[in-house]
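> Just passing along the structure, written as structure tokens.
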Amino acid sequence: MITHEQAVQFLRRNPALSASVLEKEAGLPASTLLKAVAGDRVLNVKHLGALFPVLIRYGYQNQPKARVISVVNHKGGVGKTTTTLNLGRALSRMNYRVLLIDMDSQGNLSQALGVDEPEKQVKHALLDNEPLPILNIGERYDLSPSDLELAYADLELVQVVGGVNQLRNAISPLRSEYDYILIDCPPALNIFTNSALVASQSCLVTLQPEVSALKGINSLIDRITQVRDRINHELTVEGIVLTMVDRRLKLHRDMIEYVHTNLSNFRIFKTEIRLNVSLKESQVAQRDVFTYAKESHGAQDYLKLAHEFTQPAPQLLTA
């Protein structure tokens, strides 16, 4: 059998499927699935029983696999860790099972969640073929941590046969346990970023509307393209999310217009993450923004982004 959440998630992941065709084959009333995907109704046991064999024919698996997404930009300070942390928490609050993976040797994601100097960390999975360590942070919200030890593993990982595939191999047995796996990438186009891209189905680019942040975007897109063409043929660009936005500034308004004009071949999320002090303060307090200040602009923006993120979208564009 399939649950309401699993059915809706499958439909959202496959927007090309015709809801009317599925309804006809399952004998469901018109618009039942459209309303379910929009969150306007819950599929009952009778609906799910009729729908289950139909979805199986269209590729549904009894053990659905998580969508693995790298949060990436090789410039530091553009909101990668903040987005991984709080988008992940927002998704878990929407009843999705979420795993965060810290692939940055600075360990900022782990520290922001109160995990310092973890005994077992991502490094051990990459170099010693151990399972990824999983720490439960909250309900439906887990972390695979890292710290500075990861910084000393890059040369060794480069020399390991198939080293760039190690993260993908470590994630593989976990994909049936989660709905989303978000990988926080380092601010560099190094072996750790490459490993994350190889392990992912898509990548989410965080972009601050500043000239300095935009300068390296072409290099990033080129790297994504290289990984897709040479190693991971299913890799796509999930979209671009604008972070630390202050629309009072003419510079930000101009840069946002530039992004929409010149990067229009990629999905640019309508939700913008506003500059908000609670986002910084929450990380100092080692909490997600929802726990720290649930009424803040930061919490509002990431919850809105999570809803947009999970809705059917135009077909994902490759780099």
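In the structure tokens, the first chain shown is A, the next is B, and so on; residue numbers restart at 1 for each chain, and ligands run from 1 in the order shown.
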Which residues are close to Cys185 of chain A, i.e. within 8 Å by only C-alpha atoms, leaving aside same-chain residues fewer than 3 positions away? Reply as an MDAnalysis selection string.
chainID A and resid 70:73 80 102:104 192:193 196
> Keeping only all heavy atoms, write the selected residues as an mmCIF file, in the first residue's frame.

```
data_model
loop_
_atom_site.group_PDB
_atom_site.id
_atom_site.type_symbol
_atom_site.label_atom_id
_atom_site.label_comp_id
_atom_site.auth_asym_id
_atom_site.auth_seq_id
_atom_site.Cartn_x
_atom_site.Cartn_y
_atom_site.Cartn_z
ATOM 1 N N SER A 70 22.659 18.943 -3.876
ATOM 2 C CA SER A 70 23.803 19.697 -3.374
ATOM 3 C C SER A 70 23.454 21.179 -3.338
ATOM 4 O O SER A 70 22.944 21.730 -4.309
ATOM 5 C CB SER A 70 25.022 19.505 -4.291
ATOM 6 O OG SER A 70 25.572 18.222 -4.148
ATOM 7 N N VAL A 71 23.725 21.806 -2.200
ATOM 8 C CA VAL A 71 23.573 23.256 -2.084
ATOM 9 C C VAL A 71 24.956 23.837 -2.339
ATOM 10 O O VAL A 71 25.899 23.596 -1.559
ATOM 11 C CB VAL A 71 23.031 23.649 -0.708
ATOM 12 C CG1 VAL A 71 22.822 25.163 -0.629
ATOM 13 C CG2 VAL A 71 21.719 22.916 -0.433
ATOM 14 N N VAL A 72 25.092 24.596 -3.427
ATOM 15 C CA VAL A 72 26.426 24.840 -3.950
ATOM 16 C C VAL A 72 26.624 26.289 -4.404
ATOM 17 O O VAL A 72 25.703 26.943 -4.901
ATOM 18 C CB VAL A 72 26.702 23.871 -5.131
ATOM 19 C CG1 VAL A 72 25.736 24.113 -6.274
ATOM 20 C CG2 VAL A 72 28.141 23.942 -5.606
ATOM 21 N N ASN A 73 27.817 26.769 -4.191
ATOM 22 C CA ASN A 73 28.377 27.979 -4.796
ATOM 23 C C ASN A 73 29.808 28.034 -4.300
ATOM 24 O O ASN A 73 30.046 27.880 -3.100
ATOM 25 C CB ASN A 73 27.616 29.248 -4.402
ATOM 26 C CG ASN A 73 28.016 30.438 -5.276
ATOM 27 O OD1 ASN A 73 29.187 30.635 -5.570
ATOM 28 N ND2 ASN A 73 27.037 31.233 -5.679
ATOM 29 N N LYS A 80 24.929 29.259 1.708
ATOM 30 C CA LYS A 80 24.803 27.811 1.479
ATOM 31 C C LYS A 80 24.424 27.076 2.759
ATOM 32 O O LYS A 80 23.463 26.299 2.788
ATOM 33 C CB LYS A 80 26.120 27.242 0.923
ATOM 34 C CG LYS A 80 26.471 27.679 -0.471
ATOM 35 C CD LYS A 80 27.698 26.946 -0.991
ATOM 36 C CE LYS A 80 28.939 27.213 -0.170
ATOM 37 N NZ LYS A 80 29.370 28.637 -0.216
ATOM 38 N N ASP A 102 27.175 17.379 5.911
ATOM 39 C CA ASP A 102 28.137 18.478 5.987
ATOM 40 C C ASP A 102 29.405 18.084 5.232
ATOM 41 O O ASP A 102 30.211 17.299 5.717
ATOM 42 C CB ASP A 102 28.450 18.769 7.452
ATOM 43 C CG ASP A 102 29.199 20.080 7.641
ATOM 44 O OD1 ASP A 102 29.690 20.625 6.635
ATOM 45 O OD2 ASP A 102 29.286 20.562 8.796
ATOM 46 N N MET A 103 29.575 18.658 4.032
ATOM 47 C CA MET A 103 30.765 18.377 3.221
ATOM 48 C C MET A 103 31.751 19.537 3.231
ATOM 49 O O MET A 103 32.649 19.604 2.390
ATOM 50 C CB MET A 103 30.351 18.052 1.789
ATOM 51 C CG MET A 103 29.879 16.627 1.588
ATOM 52 S SD MET A 103 31.187 15.394 1.819
ATOM 53 C CE MET A 103 32.091 15.578 0.264
ATOM 54 N N ASP A 104 31.591 20.437 4.170
ATOM 55 C CA ASP A 104 32.495 21.585 4.296
ATOM 56 C C ASP A 104 33.412 21.349 5.493
ATOM 57 O O ASP A 104 32.938 21.149 6.619
ATOM 58 C CB ASP A 104 31.683 22.867 4.495
ATOM 59 C CG ASP A 104 32.544 24.121 4.490
ATOM 60 O OD1 ASP A 104 33.790 23.991 4.475
ATOM 61 O OD2 ASP A 104 31.972 25.222 4.508
ATOM 62 N N PHE A 192 35.655 17.711 -2.694
ATOM 63 C CA PHE A 192 34.443 17.550 -1.888
ATOM 64 C C PHE A 192 33.208 18.054 -2.638
ATOM 65 O O PHE A 192 32.148 17.426 -2.598
ATOM 66 C CB PHE A 192 34.597 18.268 -0.542
ATOM 67 C CG PHE A 192 35.755 17.765 0.266
ATOM 68 C CD1 PHE A 192 36.705 18.648 0.766
ATOM 69 C CD2 PHE A 192 35.902 16.417 0.522
ATOM 70 C CE1 PHE A 192 37.773 18.186 1.506
ATOM 71 C CE2 PHE A 192 36.976 15.934 1.268
ATOM 72 C CZ PHE A 192 37.916 16.825 1.762
ATOM 73 N N THR A 193 33.348 19.175 -3.331
ATOM 74 C CA THR A 193 32.242 19.665 -4.160
ATOM 75 C C THR A 193 31.979 18.706 -5.307
ATOM 76 O O THR A 193 30.821 18.381 -5.613
ATOM 77 C CB THR A 193 32.551 21.069 -4.700
ATOM 78 O OG1 THR A 193 32.659 21.987 -3.604
ATOM 79 C CG2 THR A 193 31.444 21.550 -5.634
ATOM 80 N N ALA A 196 30.101 15.730 -4.048
ATOM 81 C CA ALA A 196 28.696 16.044 -3.791
ATOM 82 C C ALA A 196 27.896 16.082 -5.089
ATOM 83 O O ALA A 196 26.780 15.553 -5.165
ATOM 84 C CB ALA A 196 28.591 17.382 -3.058
#
```
> May I have the residues within 12 Å of Arg230 of chain A as number ranges by chain, using only C-alpha atoms and disregarding those fewer than 5 positions away in the same chain?
A: 194, 197-198, 223-225, 235
> Keeping only N, CA, C and O atoms, take the residues you just selected and write them out as an mmCIF file, in the first residue's frame.

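Writing done, so here's part.cif:
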```cif
data_model
loop_
_atom_site.group_PDB
_atom_site.id
_atom_site.type_symbol
_atom_site.label_atom_id
_atom_site.label_comp_id
_atom_site.auth_asym_id
_atom_site.auth_seq_id
_atom_site.Cartn_x
_atom_site.Cartn_y
_atom_site.Cartn_z
ATOM 1 N N ASN A 194 33.040 18.232 -5.954
ATOM 2 C CA ASN A 194 32.869 17.266 -7.038
ATOM 3 C C ASN A 194 32.162 16.006 -6.548
ATOM 4 O O ASN A 194 31.269 15.471 -7.215
ATOM 5 N N LEU A 197 28.465 16.690 -6.128
ATOM 6 C CA LEU A 197 27.768 16.769 -7.416
ATOM 7 C C LEU A 197 27.596 15.385 -8.035
ATOM 8 O O LEU A 197 26.553 15.093 -8.640
ATOM 9 N N VAL A 198 28.595 14.530 -7.890
ATOM 10 C CA VAL A 198 28.499 13.163 -8.413
ATOM 11 C C VAL A 198 27.407 12.383 -7.677
ATOM 12 O O VAL A 198 26.704 11.557 -8.266
ATOM 13 N N ARG A 223 31.485 23.892 -14.114
ATOM 14 C CA ARG A 223 31.843 22.706 -13.344
ATOM 15 C C ARG A 223 30.660 21.735 -13.265
ATOM 16 O O ARG A 223 30.830 20.520 -13.409
ATOM 17 N N ILE A 224 29.466 22.261 -13.037
ATOM 18 C CA ILE A 224 28.276 21.413 -13.003
ATOM 19 C C ILE A 224 28.112 20.695 -14.339
ATOM 20 O O ILE A 224 27.813 19.487 -14.388
ATOM 21 N N THR A 225 28.319 21.419 -15.429
ATOM 22 C CA THR A 225 28.201 20.831 -16.764
ATOM 23 C C THR A 225 29.223 19.723 -16.974
ATOM 24 O O THR A 225 28.907 18.659 -17.527
ATOM 25 N N LEU A 235 22.511 14.682 -13.436
ATOM 26 C CA LEU A 235 22.645 15.913 -12.665
ATOM 27 C C LEU A 235 21.963 17.084 -13.372
ATOM 28 O O LEU A 235 22.185 17.326 -14.554
#
```
> One decimal, Å: what's the distance from atom CA of Asp254 of chain A over to atom CA of Leu220 of chain A, could you say?
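Taking atom CA of Asp254 of chain A as the start and atom CA of Leu220 of chain A as the end point, the length is 21.6 Å.
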> Please report, as a ChimeraX atom specification, each residue of segment 69-216 of chain A to which DSSP assigns strand (DSSP E or B) when run on this structure's backbone.
/A:69-72,98-102,135-138,141-144,180-184,202-207
> Within 12 Å of Tyr178 of chain A, counting only C-alpha atoms, which residues show up once you throw out same-chain ones fewer than 6 positions away? Write them as a PyMOL selection string, please.
chain A and resi 6+9+63-68+88+91-92+95-100+140-143+171-172
> Please provide as a ChimeraX atom specification all residues within 8 Å of Ser144 of chain A, with the sequence filter that same-chain residues fewer than 6 positions apart are discarded (counting only C-alpha atoms).
/A:99-102,121-122,132-135
> So that I have them on file, write out the residues from the current selection with C-alpha atoms, as a compact mmCIF listing (two decimals), in the first residue's frame.

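Done, and the output landed in selection.txt:
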```
# COMPACT_ATOMS: atom_id res chain seq x y z
CA LEU A 99 19.13 14.22 6.07
CA LEU A 100 21.73 17.00 6.00
CA ILE A 101 25.31 16.12 5.02
CA ASP A 102 28.14 18.48 5.99
CA GLN A 121 31.99 11.98 10.72
CA VAL A 122 31.70 12.07 6.94
CA LEU A 132 27.71 7.61 7.03
CA PRO A 133 27.29 8.59 10.69
CA ILE A 134 23.75 9.79 11.38
CA LEU A 135 22.86 12.04 14.30
```
> Nearest residue to Ile217 of chain A out of A:Leu148, A:Val158, A:Ala153, A:Ile240, using only C-alpha atoms?
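Once distances to Ile217 of chain A are computed over only C-alpha atoms, the minimum belongs to A:Ile240.
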> Which of these, A:Val259, A:Val78, A:Ala125, A:Leu174, has the shortest distance to Pro187 of chain A once you count only C-alpha atoms?
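Distance minimum relative to Pro187 of chain A lands on A:Val78.
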> To one decimal place, how far is atom CA of Arg267 of chain A from atom CA of Val241 of chain A in Å?
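Separating atom CA of Arg267 of chain A from atom CA of Val241 of chain A is a distance of 8.8 Å.
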> Pick from A:Ser110, A:Asn276, A:Asn262, A:Asn232: nearest to Ser146 of chain A, with only C-alpha atoms counted?
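Checking each candidate against Ser146 of chain A, we get A:Ser110 as the closest.
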